[in-house]
Number of protein chains: 4
Amino acid sequence: MTEKENCCMRTKERSEAELRDLVNRLNRVEGQIRGIKGMLEKNAYCVDILNQVSAANSALNSFTRVLLENHIRSCVAEDIRDGKDDKLEELLGTLQKLMK
Amino acid sequence: MTEKENCCMRTKERSEAELRDLVNRLNRVEGQIRGIKGMLEKNAYCVDILNQVSAANSALNSFTRVLLENHIRSCVAEDIRDGKDDKLEELLGTLQKLMK
Amino acid sequence: MTEKENCCMRTKERSEAELRDLVNRLNRVEGQIRGIKGMLEKNAYCVDILNQVSAANSALNSFTRVLLENHIRSCVAEDIRDGKDDKLEELLGTLQKLMK
Amino acid sequence: MTEKENCCMRTKERSEAELRDLVNRLNRVEGQIRGIKGMLEKNAYCVDILNQVSAANSALNSFTRVLLENHIRSCVAEDIRDGKDDKLEELLGTLQKLMK
């Protein structure tokens with residue numbers, strides 16, 4: 001299946017390296033969230049918890065940035081080269097949500 | 001153990017209702033992160049994933065806000081009433097991190 | 001006029017040093033905004049403008065942080081010491097707006 | 001001068017309507033900043049000032065979003081169509097800064 005067909009079908013085949021990197025990033029976030037639950041259950045001090053939440057938040061933002069970059073470099077660039085501007089408009093909508 | 005002793009020891013005993021609410025919020029975030037991993041593994045389209053990430057991010061921010069509010073209402077207010085301003089300075093440092 | 005009367009009347013007398021620092025920070029932001037208008041009028045490249053906007057945004061955020069810190073250190077702490085918790089609730093509402 | 005030459009020279013000729021819209025947005029922000037200075041000089045209450053800062057911040061963010069959208073729709077799309085990917089990489093760098 002080509003990149004182009006991919007995008008039309010609202011699916012996307014990612015390279016194995018890309019997929020592994022993205023899944024690893026999410027595993028890290030998931031571990032951080034579980035760690036924060038553990039802290040709550042051990043009556044940890046609020047500020048210590050907030051510092052861990054800050055770290056989880058940064059990790060989730062990095063995931064977002066990497067996924068967005070991959071998306072722009074592949075689907076969006078591909079479609080613009082093909083003279084289709086829908087992806088461009090969709091991207092602008094997505095950026096608007098992410099920058100709120 | 002009183003609230004005051006709590007804060008000195010960098011632990012905090014939360015009411016059962018508060019603890020349950022906080023843990024539930026984290027469970028929701030954890031579920032969302034796992035859902036996003038599932039989407040990646042099924043080759044979901046980037047923009048659909050980004051929308052889910054946005055939702056997980058909002059849920060994590062709500063958790064932060066609730067925890068911060070509880071902290072200000074209990075530990076910080078308590079210490080200020082006792083004429084100790086360390087918690088106040090610590091809070092300002094935490095806010096600075098959270099507002100970046 | 002005491003600090004306490006101040007807060008009740010929804011006004012606040014600031015020290016001259018504090019006022020000057022805050023006004024200087026806003027002057028800087030105002031200068032940056034005017035600089036960005038000048039760039040637009042000289043047809044500057046979008047990315048160069050966006051970098052300047054980023055700088056103006058950081059300066060405005062610093063102003064916010066300083067003002068918020070002064071507010072917490074004076075009005076909020078003062079009121080809590082007096083056993084009035086309205087300021088506390090008001091602060092939580094303000095934080096919620098600022099952290100969105 | 002064509003769009004393409006424009007982008008190479010790191011300048012950009014904007015339509016009169018686009019330029020006017022962008023300048024108007026900045027004029028609004030500048031007016032808000034001046035208003036906040038006036039509030040400080042009249043000893044306004046911190047929370048009332050913080051609400052105005054919030055509004056100025058939103059207006060500045062809207063300006064950023066509009067400028068970024070114009071940039072993506074014109075320079076970036078144009079260059080991708082021409083097979084040049086520098087603008088794409090530059091855009092990703094800009095997004096990274098704006099999403100911090």
# chains A, B, ... in the order shown; residues from 1 in each chain; ligands from 1
call {"tool": "residues_around", "arguments": {"residues": "Gln52 of chain A", "least_positions_apart": "3", "cutoff": "9 Å", "atoms": "only C-alpha atoms", "output": "list of chain:residue names"}}
result
A:Gln32, A:Ile33, A:Gly35, A:Ile36, A:Val47, A:Asp48, A:Ile49, A:Ala55, A:Ala56, A:Asn57
call {"tool": "write_last_selection", "arguments": {"atoms": "N, CA, C and O atoms", "output": "PDB file, in the first residue's frame"}}
result
ATOM      1  N   GLN A  32       5.019   6.504  34.135  1.00  0.00           N
ATOM      2  CA  GLN A  32       5.009   7.685  35.000  1.00  0.00           C
ATOM      3  C   GLN A  32       3.650   7.856  35.687  1.00  0.00           C
ATOM      4  O   GLN A  32       3.580   8.168  36.874  1.00  0.00           O
ATOM      5  N   ILE A  33       2.577   7.630  34.923  1.00  0.00           N
ATOM      6  CA  ILE A  33       1.234   7.771  35.498  1.00  0.00           C
ATOM      7  C   ILE A  33       1.044   6.738  36.618  1.00  0.00           C
ATOM      8  O   ILE A  33       0.536   7.046  37.696  1.00  0.00           O
ATOM      9  N   GLY A  35       3.392   5.419  38.379  1.00  0.00           N
ATOM     10  CA  GLY A  35       4.231   5.867  39.489  1.00  0.00           C
ATOM     11  C   GLY A  35       3.518   6.919  40.334  1.00  0.00           C
ATOM     12  O   GLY A  35       3.604   6.919  41.571  1.00  0.00           O
ATOM     13  N   ILE A  36       2.807   7.811  39.678  1.00  0.00           N
ATOM     14  CA  ILE A  36       2.099   8.873  40.406  1.00  0.00           C
ATOM     15  C   ILE A  36       0.969   8.263  41.244  1.00  0.00           C
ATOM     16  O   ILE A  36       0.737   8.673  42.383  1.00  0.00           O
ATOM     17  N   VAL A  47       3.524  18.466  46.479  1.00  0.00           N
ATOM     18  CA  VAL A  47       4.505  19.104  45.597  1.00  0.00           C
ATOM     19  C   VAL A  47       5.396  18.062  44.932  1.00  0.00           C
ATOM     20  O   VAL A  47       5.758  18.188  43.755  1.00  0.00           O
ATOM     21  N   ASP A  48       5.714  16.996  45.662  1.00  0.00           N
ATOM     22  CA  ASP A  48       6.502  15.918  45.061  1.00  0.00           C
ATOM     23  C   ASP A  48       5.708  15.265  43.932  1.00  0.00           C
ATOM     24  O   ASP A  48       6.266  14.902  42.892  1.00  0.00           O
ATOM     25  N   ILE A  49       4.416  15.104  44.138  1.00  0.00           N
ATOM     26  CA  ILE A  49       3.566  14.539  43.080  1.00  0.00           C
ATOM     27  C   ILE A  49       3.498  15.481  41.888  1.00  0.00           C
ATOM     28  O   ILE A  49       3.645  15.070  40.736  1.00  0.00           O
ATOM     29  N   ALA A  55       6.794  16.083  34.837  1.00  0.00           N
ATOM     30  CA  ALA A  55       7.647  15.231  34.003  1.00  0.00           C
ATOM     31  C   ALA A  55       6.804  14.403  33.025  1.00  0.00           C
ATOM     32  O   ALA A  55       7.151  14.276  31.843  1.00  0.00           O
ATOM     33  N   ALA A  56       5.678  13.852  33.502  1.00  0.00           N
ATOM     34  CA  ALA A  56       4.808  13.053  32.629  1.00  0.00           C
ATOM     35  C   ALA A  56       4.245  13.930  31.514  1.00  0.00           C
ATOM     36  O   ALA A  56       4.127  13.509  30.358  1.00  0.00           O
ATOM     37  N   ASN A  57       3.917  15.148  31.872  1.00  0.00           N
ATOM     38  CA  ASN A  57       3.375  16.093  30.908  1.00  0.00           C
ATOM     39  C   ASN A  57       4.388  16.409  29.817  1.00  0.00           C
ATOM     40  O   ASN A  57       4.050  16.443  28.630  1.00  0.00           O
TER      41      ASN A  57
END
call {"tool": "select_by_dssp", "arguments": {"residues": "segment 5-88 of chain D", "states": "helix (DSSP H, G or I)", "output": "PyMOL selection string"}}
result
chain D and resi 5-8+16-41+46-81+86-88
call {"tool": "interface_residues", "arguments": {"of": "chain C", "to": "chain D", "cutoff": "7 Å", "atoms": "only C-alpha atoms", "output": "ChimeraX atom specification"}}
result
/C:10-13,23,26,30,33,37,43-46,50,54,64,67,71,98
call {"tool": "atom_distance", "arguments": {"atom1": "atom CA of Leu92 of chain D", "atom2": "atom CA of Val66 of chain A"}}
result
9.9 Å
call {"tool": "atom_distance", "arguments": {"atom1": "atom CA of Ala17 of chain C", "atom2": "atom CA of Asp82 of chain C"}}
result
26.4 Å
call {"tool": "atom_distance", "arguments": {"atom1": "atom CA of Asp79 of chain D", "atom2": "atom CA of Ser15 of chain A"}}
result
25.8 Å
call {"tool": "residues_around", "arguments": {"residues": "Ile80 of chain B", "least_positions_apart": "4", "cutoff": "8 Å", "atoms": "only C-alpha atoms", "output": "JSON, numbers by chain"}}
result
{"B": [76, 84, 85, 87, 88], "C": [77, 80, 81]}
